[in-house]
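Asker: This one is work00.csv, CSV, C-alpha atoms.
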chain,number,residue,atom,x,y,z
H,1,MET,CA,96.2,-37.3,-149.5
H,2,ASN,CA,95.3,-35.9,-146.1
H,3,LEU,CA,93.3,-38.2,-143.9
H,4,GLY,CA,91.8,-37.7,-140.5
H,5,PHE,CA,91.7,-40.8,-138.3
H,6,ALA,CA,89.4,-40.4,-135.3
H,7,MET,CA,89.3,-42.9,-132.6
H,8,CYS,CA,86.5,-43.4,-130.1
H,9,GLY,CA,86.5,-45.6,-126.9
H,10,SER,CA,85.9,-49.1,-128.1
H,11,PHE,CA,89.2,-50.1,-126.6
H,12,CYS,CA,88.9,-53.8,-127.4
H,13,THR,CA,89.3,-53.0,-131.1
H,14,PHE,CA,92.4,-50.9,-130.9
H,15,GLY,CA,94.7,-53.8,-131.5
H,16,ARG,CA,93.0,-54.2,-135.0
H,17,VAL,CA,92.7,-50.4,-135.6
H,18,PHE,CA,96.2,-49.2,-135.1
H,19,PRO,CA,97.7,-51.4,-137.8
H,20,VAL,CA,95.2,-49.9,-140.3
H,21,MET,CA,96.3,-46.4,-139.2
H,22,GLN,CA,99.9,-47.4,-139.7
H,23,ALA,CA,99.3,-48.9,-143.1
H,24,LEU,CA,97.5,-45.7,-144.3
H,25,ALA,CA,100.3,-43.5,-142.8
H,26,LYS,CA,102.8,-45.1,-145.2
H,27,ASP,CA,101.1,-43.5,-148.2
H,28,HIS,CA,99.2,-40.6,-146.8
H,29,ARG,CA,99.4,-37.8,-144.3
H,30,VAL,CA,97.3,-39.1,-141.4
H,31,ILE,CA,96.0,-36.7,-138.7
H,32,PRO,CA,95.0,-38.6,-135.5
H,33,ILE,CA,92.0,-37.3,-133.6
H,34,PHE,CA,91.0,-38.7,-130.2
H,35,SER,CA,87.7,-38.6,-128.3
H,36,GLN,CA,87.8,-37.5,-124.7
H,37,ALA,CA,87.4,-41.1,-123.6
H,38,VAL,CA,90.4,-42.2,-125.6
H,39,CYS,CA,92.5,-39.4,-124.1
H,40,GLU,CA,91.5,-40.1,-120.5
H,41,THR,CA,90.6,-43.7,-120.0
H,42,ASP,CA,93.0,-46.4,-118.9
H,43,SER,CA,91.4,-49.8,-119.5
H,44,ARG,CA,92.4,-53.5,-119.4
H,45,PHE,CA,93.3,-53.0,-123.1
H,46,GLY,CA,95.9,-50.3,-122.3
H,47,ALA,CA,96.7,-46.9,-120.9
H,48,ALA,CA,95.5,-43.7,-122.5
H,49,LYS,CA,99.1,-42.3,-122.6
H,50,ASP,CA,100.2,-45.4,-124.5
H,51,PHE,CA,97.5,-45.0,-127.1
H,52,TRP,CA,98.4,-41.3,-127.4
H,53,GLN,CA,102.1,-42.2,-127.9
H,54,ARG,CA,101.3,-44.9,-130.5
H,55,ALA,CA,99.2,-42.6,-132.6
H,56,LYS,CA,101.9,-39.9,-132.4
H,57,ASP,CA,104.6,-42.4,-133.4
H,58,ILE,CA,102.6,-43.6,-136.4
H,59,CYS,CA,101.4,-40.3,-137.6
H,60,GLY,CA,104.3,-38.0,-136.7
H,61,GLN,CA,102.1,-35.6,-134.8
H,62,GLU,CA,100.1,-35.3,-131.5
H,63,PRO,CA,96.5,-36.3,-131.8
H,64,LEU,CA,94.0,-33.5,-132.0
H,65,ASN,CA,91.7,-33.7,-129.0
H,66,LYS,CA,90.1,-30.3,-128.5
H,67,LEU,CA,87.1,-28.6,-130.3
H,68,ASN,CA,89.2,-25.6,-131.5
H,69,GLN,CA,91.8,-28.0,-133.0
H,70,VAL,CA,89.3,-29.8,-135.2
H,71,GLU,CA,86.9,-27.0,-136.1
H,72,PRO,CA,89.2,-25.7,-138.8
H,73,ILE,CA,89.0,-29.0,-140.7
H,74,GLY,CA,86.0,-27.7,-142.7
H,75,PRO,CA,86.8,-24.0,-143.2
H,76,LYS,CA,90.4,-24.8,-144.2
H,77,LYS,CA,89.5,-28.0,-146.2
H,78,LEU,CA,92.2,-29.8,-144.3
H,79,LEU,CA,91.1,-33.4,-145.1
H,80,ASP,CA,90.2,-35.4,-148.1
H,81,ALA,CA,88.5,-37.9,-145.9
H,82,LEU,CA,87.8,-38.5,-142.3
H,83,ILE,CA,87.8,-42.1,-140.9
H,84,ILE,CA,86.2,-42.8,-137.5
H,85,ALA,CA,87.5,-46.1,-136.3
H,86,PRO,CA,86.2,-47.4,-134.0
H,87,CYS,CA,82.9,-45.6,-134.1
H,88,THR,CA,81.0,-46.3,-130.9
H,89,GLY,CA,77.3,-46.4,-130.4
H,90,ASN,CA,77.6,-43.1,-128.6
H,91,THR,CA,79.3,-41.4,-131.5
H,92,LEU,CA,76.7,-43.0,-134.0
H,93,ALA,CA,73.9,-41.4,-131.9
H,94,LYS,CA,75.5,-38.0,-131.9
H,95,LEU,CA,76.3,-38.1,-135.6
H,96,ALA,CA,72.7,-39.2,-136.4
H,97,ARG,CA,71.4,-36.2,-134.6
H,98,CYS,CA,74.0,-33.7,-135.7
H,99,ILE,CA,75.5,-33.2,-132.2
H,100,ALA,CA,79.0,-31.9,-132.3
H,101,ASP,CA,80.1,-31.7,-128.7
H,102,GLY,CA,83.5,-33.4,-128.8
H,103,PRO,CA,86.5,-33.6,-131.0
H,104,VAL,CA,85.4,-36.6,-133.1
H,105,THR,CA,81.8,-35.3,-133.8
H,106,MET,CA,83.0,-31.8,-134.4
H,107,ALA,CA,85.6,-33.1,-136.9
H,108,ALA,CA,82.8,-35.0,-138.7
H,109,LYS,CA,80.6,-32.0,-138.7
H,110,SER,CA,83.4,-29.8,-140.0
H,111,GLN,CA,84.3,-32.3,-142.7
H,112,LEU,CA,80.6,-32.8,-143.8
H,113,ARG,CA,80.1,-29.0,-144.4
H,114,ASN,CA,82.4,-29.4,-147.4
H,115,ALA,CA,80.5,-32.5,-148.7
H,116,ARG,CA,83.6,-34.6,-148.1
H,117,PRO,CA,83.5,-38.2,-147.0
H,118,VAL,CA,83.2,-39.4,-143.5
H,119,ILE,CA,83.9,-43.2,-143.1
H,120,LEU,CA,82.4,-45.0,-140.1
H,121,ALA,CA,83.9,-48.3,-138.8
H,122,VAL,CA,81.2,-49.4,-136.3
H,123,SER,CA,82.0,-51.1,-133.0
H,124,THR,CA,79.1,-51.2,-130.6
H,125,ASN,CA,77.4,-53.8,-128.4
H,126,ASP,CA,73.9,-52.5,-129.3
H,127,ALA,CA,74.1,-52.2,-133.1
H,128,LEU,CA,71.1,-54.6,-133.4
H,129,ALA,CA,69.3,-52.9,-130.6
H,130,GLY,CA,69.4,-49.2,-129.6
H,131,ALA,CA,72.0,-48.2,-132.1
H,132,ALA,CA,70.1,-49.7,-135.0
H,133,GLU,CA,68.0,-46.6,-135.5
H,134,ASN,CA,71.1,-44.4,-135.6
H,135,ILE,CA,72.8,-46.7,-138.2
H,136,GLY,CA,69.7,-46.5,-140.3
H,137,ARG,CA,69.6,-42.7,-140.1
H,138,LEU,CA,73.3,-42.5,-141.0
H,139,LEU,CA,72.9,-44.8,-144.0
H,140,ASN,CA,70.6,-42.2,-145.5
H,141,LYS,CA,73.0,-39.2,-145.0
H,142,LYS,CA,75.1,-37.9,-147.8
H,143,ASN,CA,78.8,-38.3,-147.6
H,144,ILE,CA,78.6,-40.9,-144.8
H,145,TYR,CA,80.1,-44.3,-145.7
H,146,PHE,CA,80.3,-47.5,-143.7
H,147,VAL,CA,83.1,-50.0,-143.4
H,148,PRO,CA,81.5,-53.4,-143.8
H,149,PHE,CA,80.4,-54.8,-140.4
H,150,GLY,CA,78.8,-57.9,-138.9
H,151,GLN,CA,78.1,-59.7,-135.7
H,152,ASP,CA,81.2,-60.4,-133.7
H,153,ASP,CA,79.8,-62.9,-131.3
H,154,PRO,CA,76.2,-63.8,-132.0
H,155,ALA,CA,75.9,-66.4,-129.3
H,156,LYS,CA,77.3,-64.4,-126.4
H,157,LYS,CA,76.5,-60.8,-127.6
H,158,PRO,CA,73.6,-61.1,-130.0
H,159,THR,CA,73.2,-57.4,-130.6
H,160,SER,CA,76.9,-56.5,-131.0
H,161,MET,CA,78.5,-55.7,-134.3
H,162,VAL,CA,82.0,-54.7,-135.4
H,163,ALA,CA,83.5,-53.4,-138.6
H,164,SER,CA,86.0,-55.4,-140.6
H,165,PHE,CA,88.7,-52.8,-139.9
H,166,GLU,CA,91.0,-54.3,-142.6
H,167,LYS,CA,88.5,-53.1,-145.1
H,168,ILE,CA,89.0,-49.4,-144.2
H,169,PRO,CA,91.4,-48.8,-147.2
H,170,GLN,CA,88.9,-50.3,-149.7
H,171,THR,CA,86.0,-48.3,-148.1
H,172,LEU,CA,88.1,-45.2,-148.4
H,173,VAL,CA,88.8,-45.7,-152.1
H,174,ALA,CA,85.0,-46.3,-152.7
H,175,ALA,CA,84.0,-43.3,-150.6
H,176,LEU,CA,86.4,-40.9,-152.4
H,177,GLY,CA,84.6,-42.0,-155.6
H,178,GLY,CA,81.2,-41.3,-154.0
H,179,GLU,CA,80.3,-45.0,-153.6
H,180,GLN,CA,79.4,-47.2,-150.6
H,181,ILE,CA,81.5,-50.4,-150.6
H,182,GLN,CA,79.3,-53.5,-150.8
H,183,PRO,CA,78.2,-55.6,-149.1
H,184,ILE,CA,77.8,-53.4,-146.0
H,185,LEU,CA,76.7,-56.3,-143.8
H,186,LEU,CA,78.9,-59.3,-143.4
Any chance you could put this one into structure tokens?
Answerer:
Amino acid sequence: MNLGFAMCGSFCTFGRVFPVMQALAKDHRVIPIFSQAVCETDSRFGAAKDFWQRAKDICGQEPLNKLNQVEPIGPKKLLDALIIAPCTGNTLAKLARCIADGPVTMAAKSQLRNARPVILAVSTNDALAGAAENIGRLLNKKNIYFVPFGQDDPAKKPTSMVASFEKIPQTLVAALGGEQIQPILL
């Protein structure tokens, strides 16, 4: 199976996301896709060049990071499924409004044109605030599936939610069968 694995800039989750990418790459061809933020931002969680190298080592190819690299996903039917993990509030907003101005959102648009699954693993500090509307919109879109998610620190960050990244493989199986894994909220 050919899987796209797109990463957005919720850098604090990368330590939990890369092992899932690695597990999937054992049994499938995984094509890494990086947002501009992931390509360019060094943070306290690591350097952009190190994230690039880690994805390349896991997947055996350079991450795609340009619009012209991801646009053929749809016309050439390159992917069986696209996973966006982590999927930030910014990406949720763009997907909810069909904005395809970067490699991750263009990959999703290109994938959806063929009615193939796009799997979102949410990681945003405003899931129960500004991003809630976008999550609601996306829950109603065909071929969009969510990895189960819940509040990560209700006391200190009451509107923040993050996906259970370890459930990406089960979500993938369900999505390929046209089903949303349940429960969505943890």
Asker: Please produce, as CSV, a per-residue contact table for segment 69-96 of chain H versus segment 169-172 of chain H (criterion: any atom at most 10 Å away, all atoms listed in the file considered), showing the nearest atom pair and its distance in Å to one decimal, sorted by chain then residue number.
Answerer:
residue,atom,partner,partner_atom,distance
H:Ala81,CA,H:Leu172,CA,7.7
H:Leu82,CA,H:Leu172,CA,9.1
H:Ile83,CA,H:Leu172,CA,8.1
Asker: Given only C-alpha atoms as the basis, pick out the residue of H:Arg113, H:Lys142, H:Lys94, H:Lys26 nearest to Lys77 of chain H.
Answerer: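 When distances to Lys77 of chain H are compared using only C-alpha atoms, the smallest one comes from H:Arg113.
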Asker: Name the residues in contact with Lys109 of chain H at a cut-off of 9 Å, using only C-alpha atoms, excluding same-chain residues fewer than 5 positions from it; report them as a list in words.
Answerer: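 With the cut-off at 9 Å, the set is Glu71, Gly74, Leu95, Cys98, Ile99, Ala100 and Val104 of chain H.
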Asker: Need to verify the contact set: Leu3 of chain H, 10 Å, only C-alpha atoms, exclusion of same-chain residues closer than 2 positions in sequence. Can you return it as a compact mmCIF listing (two decimals) with C-alpha atoms, in the frame of the given file?
Answerer:
# COMPACT_ATOMS: atom_id res chain seq x y z
CA MET H 1 96.20 -37.30 -149.50
CA PHE H 5 91.70 -40.80 -138.30
CA ALA H 6 89.40 -40.40 -135.30
CA MET H 21 96.30 -46.40 -139.20
CA LEU H 24 97.50 -45.70 -144.30
CA ALA H 25 100.30 -43.50 -142.80
CA HIS H 28 99.20 -40.60 -146.80
CA ARG H 29 99.40 -37.80 -144.30
CA VAL H 30 97.30 -39.10 -141.40
CA ILE H 31 96.00 -36.70 -138.70
CA PRO H 32 95.00 -38.60 -135.50
CA LEU H 78 92.20 -29.80 -144.30
CA LEU H 79 91.10 -33.40 -145.10
CA ASP H 80 90.20 -35.40 -148.10
CA ALA H 81 88.50 -37.90 -145.90
CA LEU H 82 87.80 -38.50 -142.30
CA ILE H 83 87.80 -42.10 -140.90
CA LEU H 172 88.10 -45.20 -148.40
Asker: Of the candidates H:Phe45, H:Thr159, H:Pro183, H:Ser164, which one gets nearest to Gly15 of chain H if we count all atoms listed in the file?
Answerer: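 Ranked by minimum distance to Gly15 of chain H, first place goes to H:Phe45.
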Asker: Find the residues near segment 122-125 of chain H: any atom within 8 Å, counting all atoms listed in the file, skip ones fewer than 3 places away on the same chain, and give them as a list in words.
Answerer: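 The residues satisfying every condition are Ser10, Thr13, Ala85, Pro86, Cys87, Thr88, Gly89, Ala131, Phe146, Val147, Phe149, Lys157, Thr159, Ser160, Met161, Val162 and Ala163 of chain H.
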Asker: Would you kindly return, as a tab-separated table (two decimals) with C-alpha atoms, in the frame of the given file, each protein, DNA or RNA residue with an atom no farther than 8 Å from any atom of Val38 of chain H, considering only C-alpha atoms and excluding same-chain residues fewer than 2 positions away?
Answerer:
chain	number	residue	atom	x	y	z
H	7	MET	CA	89.30	-42.90	-132.60
H	8	CYS	CA	86.50	-43.40	-130.10
H	9	GLY	CA	86.50	-45.60	-126.90
H	34	PHE	CA	91.00	-38.70	-130.20
H	35	SER	CA	87.70	-38.60	-128.30
H	36	GLN	CA	87.80	-37.50	-124.70
H	40	GLU	CA	91.50	-40.10	-120.50
H	41	THR	CA	90.60	-43.70	-120.00
H	48	ALA	CA	95.50	-43.70	-122.50
H	51	PHE	CA	97.50	-45.00	-127.10
Asker: I need the residue nearest Asp126 of chain H from this list: H:Pro154, H:Gly178, H:Gly46, H:Pro72. Use all atoms listed in the file for the distance.
Answerer: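 Distance minimum relative to Asp126 of chain H lands on H:Pro154.
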Asker: Quick one: distance from atom CA of Leu64 of chain H to atom CA of Ile33 of chain H in Å, one decimal?
Answerer: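 Answer for the atom CA of Leu64 of chain H to atom CA of Ile33 of chain H separation: 4.6 Å.
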Asker: H:Ala96, H:Ile184, H:Cys39, H:Ala108: which is nearest Val70 of chain H, counting only C-alpha atoms?
Answerer: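 Once distances to Val70 of chain H are computed over only C-alpha atoms, the minimum belongs to H:Ala108.
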